[in-house]
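Working notes, beginning with the structure itself.
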Amino acid sequence: MLATTLIVAALLGSPFTPRAVVPVTSPSLSVTATPAVFNPQATSRAAATTVVIVSTETGTIRVDVTNDDGLLVANLLAETPVVAGSSTSLSWDGGGVADGTYGIQVTLVDPLGATRQSLTPVVVDASSPLLTQSAPKPSLTERGPIAVALTSQDASGLVSATLIVENQIGTKLGRVAVPVDPDGRGGALSWNLRLRKRLLLPGVYHLRVSGVDGAGNVGESDLRTIRVDRGVRNSVIYSLRDAGSVIGLAFDDCVSEQAWLSIIRAFKKAKAHTTFFCNGVNVRSNPTAARAALAAGNTIGSHTWSHPQMPTLASSAQASQIQGDKDIWWQVAKASPMPFFRPPYGLHNATTDAVAGAEGFAYSVLWDVDPSDYLDPPPSVLVDKVTSHARPGSIVVMHVNANTASAVPALIAALRRNGLEPQSLEEMLGVAAYLAPRSN
Ligand SMILES: [Zn+2]
C-alpha cells in the first residue's frame, strides 16, 4: 500500500498523489499504469496509459475502469484466462471521460471461484491548470520583497510554476521560479524584485504566473500590477551610441490628441515604436491617445506637469512638477513614465538631475538631433534635417503637432533607406532600461 503510493508519486514526477482513489494490491495480483497521469488529447506527450497486470495465480481476469465513486466507467478487458506468472498488457486512452482520478481495477477469479482484486489510480487531465494569482502584497514598494501567491485548480495538480515579469507594455523582462505547495494546489514566493541578480528600477510592472500540471498542460494567470518607486541615480543621456544602427525618435508635449493619434498610427503601420515625453496636463486632456500610445507598445517618459523652465524653480517645485506627471499617468493608464525623464526645453541644473533621480528617473533623456520642428517646416525639409544629422544611436527631439505628424511616414521611410531603424527608448536600451546597476 505504502509502496504503491510511493510508486504513483514517482510516476507523477511530483509530490502530488491522487486522493480519491485508494490503491489496492493483492499479493498474487499486481497492476501498474504508466504514466499514472496522462492527457488523452496530447500530441507530444503520452495520450494513453499502459496497464500491465502480473498474476502469480492461474484463473480469469477482467479489467475495469472505475471513477472516484467506485462506479464502472469502462471495461478494458472481459474475462480472459491467465496462467500463473503471466503478464498482460493493455492500453487505456481515457476516451470519453472527464478530467479526474480513475481506478484501473483488476479482478482475478481462481479455479476454485475465489476472487482477488488490485487497483491502481490513474489521472486523466486534458485541461490547463486554472491559475489565480492573488494581489501582490504590497503592490507599491521601494525594494520589496513582495508576496506572490497563486492557487491552482487542476485534475493532476501543479508541478511547477514561474513568475513572469513584464514591463508595463508587456515586454518580458525575466522569470522567477515559484515554489509549488506539496499538494499541487498552489504556490507562493517572497520575491525580492531581482531579475538576473539586479533590482528592478522604479516603474510599473505586470506579473503573471505560468504553471505546468502533472500531464504537461500549461496554464497562465491574469496579470497583476505592481509599482516600484524609490530614489535612484540619474544619468543624463544625449544619444545611445552602443545601440547599433537604430535611432530614437521622441515626440514631446502631446498637446494635440489628433496629432498624437496620427503619430501612433504611423508607427503602427510602419511596425515600429517610438517614445513620447508628455506633459501631465496633456495626458489629463488626452487620455485616449495616452492609453493608445501604450497599447501600441510605445515608450512613455515624463516631461513635467506643465512645461516650466525647471532651473528657475526651487527643488520642491521641481519635484511636484515631476510628481504630477507620475500621478496622472497612473490615474489615466495605470502606467509610469519612469525611468525616462526629459526636462522641458532641455533645461536642467544639478537640482533638476537630483530631483529626477529622487523621483525614480534613472535617465534624463536629452538629444543630439534637433530639427526645430516647432517652426513647422515643410515635411521634406523636416525629413532632410533629421536624416542629415542622424547617426547610429541618435536621439531626436520633435513634438506632437499636426505638421510633424504629417511628416512621420516619410521620415521613417527615409531613415530606413539610410540604414537607421527607428526604435523606442525601451528597445534601444533593452532589458537594461528596467534593471538597476549590479552595485545597487
Ligand atoms: Zn517640451
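A note on labels: chains of the C-alpha cells are A, B, ... as shown, every chain counts residues from 1, and ligands are counted from 1 in their shown order.
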
- Item | 6 Å contact set for segment 114-130 of chain A, only C-alpha atoms, chain neighbours under 5 positions out, as a count of residues only | 27

Open item on the list: What's around Ser87 of chain A at 12 Å? Count only C-alpha atoms, leave out sequence neighbours fewer than 3 positions away in its own chain, and write the answer as a list in words.
Closed with: Leu29, Ser30, Val31, Thr32, Val51, Val52, Ile53, Val54, Ser55, Thr56, Glu57, Thr58, Ile61, Pro81, Val82, Val83, Ala84 and Leu90 of chain A

Would you write out those residues with N, CA and C atoms, as a PDB file, in the first residue's frame?
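Full text of out-v8.pdb as output:
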```
ATOM      1  N   LEU A  29      -1.533 -10.559  -7.307  1.00  0.00           N
ATOM      2  CA  LEU A  29      -2.026  -9.831  -8.497  1.00  0.00           C
ATOM      3  C   LEU A  29      -1.527  -8.388  -8.428  1.00  0.00           C
ATOM      4  N   SER A  30      -0.686  -7.990  -9.396  1.00  0.00           N
ATOM      5  CA  SER A  30      -0.226  -6.599  -9.380  1.00  0.00           C
ATOM      6  C   SER A  30      -0.678  -5.893 -10.654  1.00  0.00           C
ATOM      7  N   VAL A  31      -0.965  -4.610 -10.517  1.00  0.00           N
ATOM      8  CA  VAL A  31      -1.334  -3.802 -11.687  1.00  0.00           C
ATOM      9  C   VAL A  31      -0.602  -2.474 -11.606  1.00  0.00           C
ATOM     10  N   THR A  32      -0.009  -2.095 -12.727  1.00  0.00           N
ATOM     11  CA  THR A  32       0.621  -0.773 -12.812  1.00  0.00           C
ATOM     12  C   THR A  32       0.068  -0.071 -14.048  1.00  0.00           C
ATOM     13  N   VAL A  51      -1.274  -0.307 -19.169  1.00  0.00           N
ATOM     14  CA  VAL A  51      -1.607  -1.066 -17.959  1.00  0.00           C
ATOM     15  C   VAL A  51      -0.936  -2.441 -18.071  1.00  0.00           C
ATOM     16  N   VAL A  52      -0.179  -2.809 -17.050  1.00  0.00           N
ATOM     17  CA  VAL A  52       0.482  -4.124 -17.028  1.00  0.00           C
ATOM     18  C   VAL A  52       0.002  -4.879 -15.793  1.00  0.00           C
ATOM     19  N   ILE A  53      -0.495  -6.098 -16.035  1.00  0.00           N
ATOM     20  CA  ILE A  53      -1.027  -6.929 -14.952  1.00  0.00           C
ATOM     21  C   ILE A  53      -0.174  -8.191 -14.864  1.00  0.00           C
ATOM     22  N   VAL A  54       0.313  -8.454 -13.674  1.00  0.00           N
ATOM     23  CA  VAL A  54       1.070  -9.691 -13.454  1.00  0.00           C
ATOM     24  C   VAL A  54       0.324 -10.508 -12.404  1.00  0.00           C
ATOM     25  N   SER A  55       0.051 -11.769 -12.752  1.00  0.00           N
ATOM     26  CA  SER A  55      -0.659 -12.653 -11.825  1.00  0.00           C
ATOM     27  C   SER A  55       0.235 -13.840 -11.477  1.00  0.00           C
ATOM     28  N   THR A  56       0.313 -14.171 -10.202  1.00  0.00           N
ATOM     29  CA  THR A  56       1.074 -15.368  -9.807  1.00  0.00           C
ATOM     30  C   THR A  56       0.152 -16.569  -9.660  1.00  0.00           C
ATOM     31  N   GLU A  57      -1.108 -16.367 -10.016  1.00  0.00           N
ATOM     32  CA  GLU A  57      -2.075 -17.474  -9.960  1.00  0.00           C
ATOM     33  C   GLU A  57      -2.726 -17.665 -11.315  1.00  0.00           C
ATOM     34  N   THR A  58      -3.210 -18.839 -11.530  1.00  0.00           N
ATOM     35  CA  THR A  58      -3.960 -19.157 -12.747  1.00  0.00           C
ATOM     36  C   THR A  58      -5.446 -18.852 -12.490  1.00  0.00           C
ATOM     37  N   ILE A  61      -9.037 -13.105 -15.587  1.00  0.00           N
ATOM     38  CA  ILE A  61      -9.015 -11.708 -15.119  1.00  0.00           C
ATOM     39  C   ILE A  61      -9.963 -10.877 -15.970  1.00  0.00           C
ATOM     40  N   PRO A  81      -8.688 -15.876 -19.667  1.00  0.00           N
ATOM     41  CA  PRO A  81      -7.869 -16.820 -18.903  1.00  0.00           C
ATOM     42  C   PRO A  81      -6.412 -16.368 -18.823  1.00  0.00           C
ATOM     43  N   VAL A  82      -5.804 -16.546 -17.649  1.00  0.00           N
ATOM     44  CA  VAL A  82      -4.362 -16.283 -17.493  1.00  0.00           C
ATOM     45  C   VAL A  82      -3.767 -17.473 -16.751  1.00  0.00           C
ATOM     46  N   VAL A  83      -2.474 -17.673 -16.988  1.00  0.00           N
ATOM     47  CA  VAL A  83      -1.781 -18.730 -16.240  1.00  0.00           C
ATOM     48  C   VAL A  83      -0.823 -18.069 -15.254  1.00  0.00           C
ATOM     49  N   ALA A  84      -0.487 -18.826 -14.206  1.00  0.00           N
ATOM     50  CA  ALA A  84       0.376 -18.285 -13.157  1.00  0.00           C
ATOM     51  C   ALA A  84       1.685 -17.772 -13.755  1.00  0.00           C
ATOM     52  N   LEU A  90      -2.175  -3.893 -21.639  1.00  0.00           N
ATOM     53  CA  LEU A  90      -3.175  -3.243 -22.485  1.00  0.00           C
ATOM     54  C   LEU A  90      -3.073  -1.733 -22.278  1.00  0.00           C
TER      55      LEU A  90
END
```

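Restricting the calculation to only C-alpha atoms, the smallest distance between Gly157 of chain A and any of A:Gly419, A:Pro111, A:Gly324, A:Gly214 is found for A:Gly214.
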
Could you give me, as a PyMOL selection string, each residue of segment 185-398 of chain A that DSSP assigns to helix (DSSP H, G or I) when run on this structure's backbone?
chain A and resi 241-243+257-269+280-285+287-295+310-312+315-333+344-346+350-358+373-375+379-389

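Proximal residues of ligand 1 are Asp252, Asp253, Pro344 and Tyr345 of chain A, by a cut-off of 6 Å on only C-alpha atoms and all ligand atoms.
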
Counting only C-alpha atoms, the residue among A:Leu207, A:Thr151, A:Ala177, A:Gly170 that lies closest to Pro136 of chain A is A:Leu207

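Here the question is which of A:Val228, A:Ala296, A:Val176, A:Val365 gets nearest to Val397 of chain A using only C-alpha atoms, and that residue is A:Val365.
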
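Here atom CA of Leu189 of chain A and atom CA of Gly430 of chain A stand 26.4 Å from one another.
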
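Among the candidates A:Thr351, A:Thr171, A:Thr288, A:Asn298, the one nearest to Ser316 of chain A when counting only C-alpha atoms is A:Thr351.
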